[in-house]
>>> print(open('run15.txt').read())   # compact mmCIF, C-alpha atoms
# COMPACT_ATOMS: atom_id res chain seq x y z
CA MET A 23 0.00 0.00 0.00
CA THR A 24 1.35 3.44 -0.96
CA GLU A 25 1.27 6.67 1.03
CA PHE A 26 -2.10 8.04 2.17
CA GLY A 27 -3.55 4.53 1.87
CA ARG A 28 -3.86 4.51 -1.92
CA THR A 29 -3.50 0.98 -3.27
CA PRO A 30 -1.09 0.46 -6.21
CA PRO A 31 -2.71 -0.30 -9.60
CA PRO A 32 -3.88 -3.89 -10.15
CA ARG A 33 -1.89 -5.93 -12.67
CA SER A 34 -4.71 -8.20 -13.77
CA GLU A 35 -8.49 -8.46 -13.74
CA ALA A 36 -8.20 -11.29 -11.23
CA GLU A 37 -6.26 -9.05 -8.84
CA LEU A 38 -8.83 -6.28 -9.30
CA LEU A 39 -11.71 -8.63 -8.52
CA THR A 40 -9.92 -9.92 -5.43
CA ARG A 41 -9.64 -6.35 -4.16
CA ALA A 42 -13.29 -5.66 -4.97
CA ASP A 43 -14.33 -8.80 -3.08
CA ALA A 44 -12.28 -7.62 -0.09
CA ILE A 45 -14.30 -4.40 0.30
CA ALA A 46 -17.73 -5.90 -0.52
CA GLY A 47 -20.03 -5.77 2.50
CA ARG A 48 -17.90 -3.16 4.29
CA THR A 49 -19.03 0.38 5.02
CA LEU A 50 -17.67 3.38 3.17
CA GLY A 51 -16.46 4.83 6.46
CA ASP A 52 -14.55 1.67 7.29
CA VAL A 53 -12.83 1.58 3.89
CA ALA A 54 -12.13 5.32 4.03
CA ALA A 55 -10.38 4.89 7.38
CA GLU A 56 -7.83 2.67 5.61
CA HIS A 57 -7.55 4.34 2.24
CA GLY A 58 -8.85 7.91 2.66
CA PRO A 59 -9.98 10.54 1.99
CA PRO A 60 -11.71 11.53 5.27
CA VAL A 61 -15.49 11.63 5.43
CA PRO A 62 -16.78 15.02 4.17
CA ALA A 63 -18.51 17.33 6.62
CA THR A 64 -21.66 17.44 4.47
CA THR A 65 -23.29 14.96 2.11
CA ARG A 66 -23.21 17.51 -0.73
CA ARG A 67 -19.85 16.08 -1.78
CA GLY A 68 -20.83 12.53 -0.93
CA LYS A 69 -20.99 11.20 -4.47
CA GLY A 70 -17.49 12.36 -5.38
CA TRP A 71 -16.13 11.19 -2.04
CA THR A 72 -17.61 7.72 -2.47
CA GLY A 73 -15.98 7.31 -5.87
CA THR A 74 -12.64 8.51 -4.55
CA VAL A 75 -12.71 6.10 -1.60
CA ILE A 76 -13.35 3.14 -3.89
CA GLU A 77 -10.75 4.35 -6.42
CA HIS A 78 -8.12 4.50 -3.65
CA ALA A 79 -9.05 1.07 -2.30
CA LEU A 80 -8.93 -0.62 -5.71
CA GLY A 81 -5.94 1.20 -7.19
CA ALA A 82 -7.48 3.28 -9.98
CA ASN A 83 -4.72 5.38 -11.54
CA ALA A 84 -6.06 7.28 -14.57
CA GLY A 85 -7.02 10.39 -12.61
CA SER A 86 -8.56 12.96 -14.97
CA LEU A 87 -7.08 11.37 -18.11
CA SER A 88 -9.51 10.26 -20.81
CA GLU A 89 -8.46 6.64 -20.32
CA PRO A 90 -9.97 3.71 -18.40
CA ASP A 91 -9.48 4.13 -14.64
CA PHE A 92 -7.27 1.06 -14.34
CA ARG A 93 -4.81 1.91 -17.08
CA LEU A 94 -2.64 -1.20 -16.95
CA ILE A 95 -5.56 -3.54 -17.61
CA SER A 96 -7.91 -1.19 -19.55
CA VAL A 97 -10.83 -1.44 -17.12
CA GLU A 98 -13.13 1.46 -16.25
CA LEU A 99 -14.54 1.88 -12.72
CA LYS A 100 -18.17 2.88 -12.26
CA THR A 101 -19.62 3.25 -8.78
CA ILE A 102 -23.40 3.13 -8.74
CA PRO A 103 -25.77 4.10 -5.89
CA ILE A 104 -28.53 1.55 -5.30
CA GLY A 105 -31.88 2.22 -3.64
CA VAL A 106 -33.89 0.07 -1.26
CA ASN A 107 -35.55 -1.53 -4.31
CA HIS A 108 -32.11 -2.71 -5.48
CA ARG A 109 -32.25 -0.46 -8.54
CA PRO A 110 -29.83 2.34 -9.55
CA LEU A 111 -30.87 5.72 -8.20
CA GLU A 112 -29.46 7.76 -11.07
CA SER A 113 -27.87 7.70 -14.50
CA THR A 114 -24.15 6.96 -14.81
CA TYR A 115 -21.67 9.45 -16.22
CA VAL A 116 -19.46 8.05 -18.99
CA CYS A 117 -17.34 10.89 -20.45
CA THR A 118 -17.53 14.41 -21.87
CA VAL A 119 -19.11 15.16 -25.24
CA PRO A 120 -16.62 16.51 -27.82
CA LEU A 121 -18.43 19.72 -28.72
CA ALA A 122 -15.69 21.23 -30.89
CA GLY A 123 -14.15 18.21 -32.53
CA GLY A 124 -15.93 18.28 -35.88
CA ALA A 125 -16.96 14.88 -37.20
CA GLY A 126 -14.36 13.20 -35.00
CA PRO A 127 -13.85 9.43 -34.78
CA GLY A 128 -16.51 6.88 -35.54
CA TRP A 129 -18.10 4.73 -32.87
CA ARG A 130 -15.32 2.12 -32.81
CA ASP A 131 -12.71 4.78 -31.95
CA SER A 132 -14.94 6.90 -29.72
CA ASN A 133 -14.18 7.66 -26.11
CA VAL A 134 -17.59 6.30 -25.09
CA ARG A 135 -16.81 2.87 -26.56
CA ARG A 136 -13.31 2.88 -25.04
CA LYS A 137 -14.70 3.70 -21.61
CA LEU A 138 -17.41 1.05 -21.79
CA ALA A 139 -15.41 -1.77 -23.37
CA ARG A 140 -14.65 -3.25 -19.93
CA VAL A 141 -16.28 -1.91 -16.76
CA LEU A 142 -16.06 -2.83 -13.09
CA TRP A 143 -19.43 -1.90 -11.61
CA VAL A 144 -19.31 -1.35 -7.85
CA PRO A 145 -22.76 -0.78 -6.33
CA PHE A 146 -23.18 0.84 -2.94
CA GLU A 147 -26.11 1.80 -0.72
CA GLY A 148 -27.44 5.15 -1.89
CA ASP A 149 -30.41 5.56 0.45
CA ARG A 150 -30.13 9.04 1.97
CA ALA A 151 -31.64 7.77 5.20
CA ILE A 152 -28.38 5.90 5.82
CA PRO A 153 -25.51 8.13 7.05
CA LEU A 154 -22.83 8.38 4.37
CA PRO A 155 -20.06 6.55 6.32
CA ALA A 156 -22.49 3.73 7.22
CA ARG A 157 -23.48 2.91 3.65
CA ARG A 158 -22.25 -0.49 2.54
CA ILE A 159 -20.40 -1.43 -0.62
CA GLY A 160 -21.91 -4.21 -2.69
CA SER A 161 -20.51 -7.08 -4.71
CA ALA A 162 -18.70 -5.90 -7.85
CA LEU A 163 -19.44 -6.96 -11.42
CA LEU A 164 -16.92 -7.04 -14.27
CA TRP A 165 -18.85 -6.37 -17.49
CA SER A 166 -18.43 -5.88 -21.22
CA PRO A 167 -21.34 -4.99 -23.54
CA SER A 168 -23.05 -7.88 -25.27
CA PRO A 169 -23.42 -7.56 -29.07
CA ALA A 170 -27.01 -6.36 -28.57
CA GLU A 171 -25.98 -3.82 -25.93
CA GLU A 172 -23.17 -2.48 -28.10
CA THR A 173 -25.52 -2.14 -31.08
CA ALA A 174 -27.94 -0.13 -28.93
CA LEU A 175 -25.15 2.07 -27.57
CA GLU A 176 -23.73 2.67 -31.04
CA SER A 177 -27.16 3.63 -32.40
CA ASP A 178 -27.71 6.19 -29.63
CA TRP A 179 -24.17 7.55 -29.95
CA GLU A 180 -24.45 8.03 -33.72
CA THR A 181 -27.83 9.75 -33.45
CA LEU A 182 -26.67 12.10 -30.69
CA MET A 183 -23.30 12.87 -32.29
CA ASP A 184 -25.00 13.69 -35.61
CA ARG A 185 -26.87 16.42 -33.75
CA VAL A 186 -23.66 17.71 -32.15
CA VAL A 187 -21.77 17.81 -35.46
CA LEU A 188 -24.65 19.68 -37.11
CA GLY A 189 -24.47 22.36 -34.43
CA ARG A 190 -27.73 21.38 -32.77
CA VAL A 191 -26.42 20.55 -29.32
CA GLU A 192 -28.75 23.09 -27.68
CA GLU A 193 -31.72 21.16 -29.09
CA ILE A 194 -30.68 17.83 -27.58
CA SER A 195 -32.99 16.71 -24.80
CA ALA A 196 -32.12 14.31 -21.99
CA ARG A 197 -35.17 12.32 -23.14
CA GLU A 198 -33.36 11.29 -26.34
CA GLY A 199 -31.54 7.96 -26.51
CA GLU A 200 -32.71 4.55 -25.40
CA CYS A 201 -29.69 3.70 -23.26
CA LEU A 202 -27.27 6.62 -23.80
CA GLN A 203 -28.17 10.26 -23.30
CA ILE A 204 -26.50 13.68 -23.38
CA ARG A 205 -26.96 16.10 -20.50
CA PRO A 206 -25.27 19.30 -19.34
CA LYS A 207 -22.34 18.65 -17.00
CA ALA A 208 -21.06 21.71 -15.17
CA ALA A 209 -20.49 22.84 -11.59
CA ASN A 210 -22.36 26.05 -12.38
CA ALA A 211 -23.95 27.98 -15.25
CA ALA A 212 -20.80 30.07 -15.71
CA ALA A 213 -18.87 27.10 -17.11
CA ARG A 214 -18.83 27.40 -20.90
CA ARG A 215 -17.29 25.50 -23.81
CA ARG A 216 -16.83 26.34 -27.48
CA ALA A 217 -19.15 24.51 -29.85
CA ILE A 218 -20.26 24.77 -33.45
CA GLY A 219 -23.69 26.39 -33.70
CA ALA A 220 -26.46 25.67 -36.18
CA SER A 221 -25.16 28.47 -38.45
CA GLY A 222 -21.69 26.88 -38.55
CA ALA A 223 -20.16 29.67 -36.44
CA TRP A 224 -18.50 29.17 -33.06
CA GLU A 225 -20.74 29.63 -30.02
CA THR A 226 -20.39 28.97 -26.31
CA THR A 227 -22.52 26.51 -24.40
CA LEU A 228 -22.55 24.47 -21.22
CA PRO A 229 -20.27 21.41 -21.17
CA ARG A 230 -22.13 18.22 -21.96
CA GLY A 231 -21.62 14.62 -20.85
CA PHE A 232 -22.66 11.21 -22.05
CA TYR A 233 -24.66 9.27 -19.44
CA LEU A 234 -26.01 5.72 -19.29
CA ARG A 235 -29.67 5.65 -18.42
CA ALA A 236 -30.58 4.07 -15.08
CA ARG A 237 -32.81 1.52 -16.79
CA PHE A 238 -29.84 0.34 -18.86
CA THR A 239 -27.61 -0.17 -15.83
CA ALA A 240 -30.52 -1.69 -13.89
CA ALA A 241 -30.84 -4.38 -16.56
CA ILE A 242 -27.11 -5.14 -16.34
CA LEU A 243 -27.24 -5.52 -12.57
CA ALA A 244 -30.49 -7.52 -12.63
CA ARG A 245 -29.04 -10.11 -15.00
CA HIS A 246 -25.91 -10.50 -12.89
CA TYR A 247 -27.45 -10.62 -9.42
CA ALA A 248 -30.48 -12.68 -10.37
>>> encode(input="run15.txt", output="structure tokens")
Amino acid sequence: MTEFGRTPPPRSEAELLTRADAIAGRTLGDVAAEHGPPVPATTRRGKGWTGTVIEHALGANAGSLSEPDFRLISVELKTIPIGVNHRPLESTYVCTVPLAGGAGPGWRDSNVRRKLARVLWVPFEGDRAIPLPARRIGSALLWSPSPAEETALESDWETLMDRVVLGRVEEISAREGECLQIRPKAANAAARRRAIGASGAWETTLPRGFYLRARFTAAILARHYA
């Protein structure tokens, strides 16, 4: 274990799963006591803190790079809050939307596909009635999209990116997409990014992110835990 309790990166999927099994059933507060960071004073930062605790415990090392979280083995980490009905409480962030990249790569070379090629899902109790440090971490799932899931993701990605490339990002609604959606992603309304507008001229707009719909992730978890 390295300084501040951060675990070194795993060298194989088997090693990663062993680490995930070791924290399953434990509380976030218990794991944070070993790996940090300390419990936040308010729950407003709870989501980010939860992800960081699990990253430290498992050895995620990509940081803010646009690469899978476990760089040596090309696995992405996704923590997912689960309600009392055992279903995800929210959509899952995947990556930023390239608003100024022109046509960019096709689906096979897209950042969305790279991020979702191999994912370690780590569910945790998300019920707000449970104090943040007392929420328990669930059993992890190592997942890759099935051919049908990848086809659905590709279809949504192509439809949404066509709108972005045509300068119609402001028209995109979070209701679009069967399993993948685009939503604003910014700490506040002052955050702006350059994007091509409908006229073809540069404009500024809120940053956008790709998100997996909760019903998509719910189906993944239901198949595994059933």
>>> closest_residue(input="run15.txt", among="A:Leu99, A:Ile104, A:Ala79, A:Val187", to="A:Pro127", atoms="all atoms listed in the file")
A:Val187
>>> closest_residue(input="run15.txt", among="A:Leu228, A:Ala54, A:Ile242, A:Leu234", to="A:Thr114", atoms="only C-alpha atoms")
A:Leu234
>>> atom_distance(input="run15.txt", atom1="atom CA of A:Ala151", atom2="atom CA of A:His108")
15.0 Å
>>> residues_near_point(input="run15.txt", point="(-19.4, 0.6, 2.3)", cutoff="10 Å", atoms="only C-alpha atoms", output="MDAnalysis selection string")
chainID A and resid 45:54 72 75:76 145:147 154:160
>>> atom_distance(input="run15.txt", atom1="atom CA of A:Cys117", atom2="atom CA of A:Phe232")
5.6 Å
>>> closest_residue(input="run15.txt", among="A:Leu142, A:Val106, A:Leu111, A:Ala84", to="A:Trp165", atoms="all atoms listed in the file")
A:Leu142
>>> atom_distance(input="run15.txt", atom1="atom CA of A:Gly85", atom2="atom CA of A:Pro103")
20.9 Å
>>> closest_residue(input="run15.txt", among="A:Ala44, A:Met183, A:Val61, A:Ala82", to="A:Pro31", atoms="only C-alpha atoms")
A:Ala82
>>> closest_residue(input="run15.txt", among="A:Pro62, A:Trp129, A:Lys100, A:Asn107", to="A:Glu172", atoms="only C-alpha atoms")
A:Trp129
>>> residues_around(input="run15.txt", residues="A:Thr29", least_positions_apart="3", cutoff="12 Å", atoms="all atoms listed in the file", output="ChimeraX atom specification")
/A:23-26,32-33,37-38,41-42,53,56-58,74-83,92
>>> closest_residue(input="run15.txt", among="A:Arg93, A:Arg185, A:Arg140, A:Arg205", to="A:Thr118", atoms="all atoms listed in the file")
A:Arg205
>>> residues_around(input="run15.txt", residues="A:Phe238", least_positions_apart="5", cutoff="10 Å", atoms="all atoms listed in the file", output="ChimeraX atom specification")
/A:110,113-114,171,200-202,243
>>> residues_around(input="run15.txt", residues="A:Pro206", least_positions_apart="5", cutoff="8 Å", atoms="all atoms listed in the file", output="PyMOL selection string")
chain A and resi 228-231
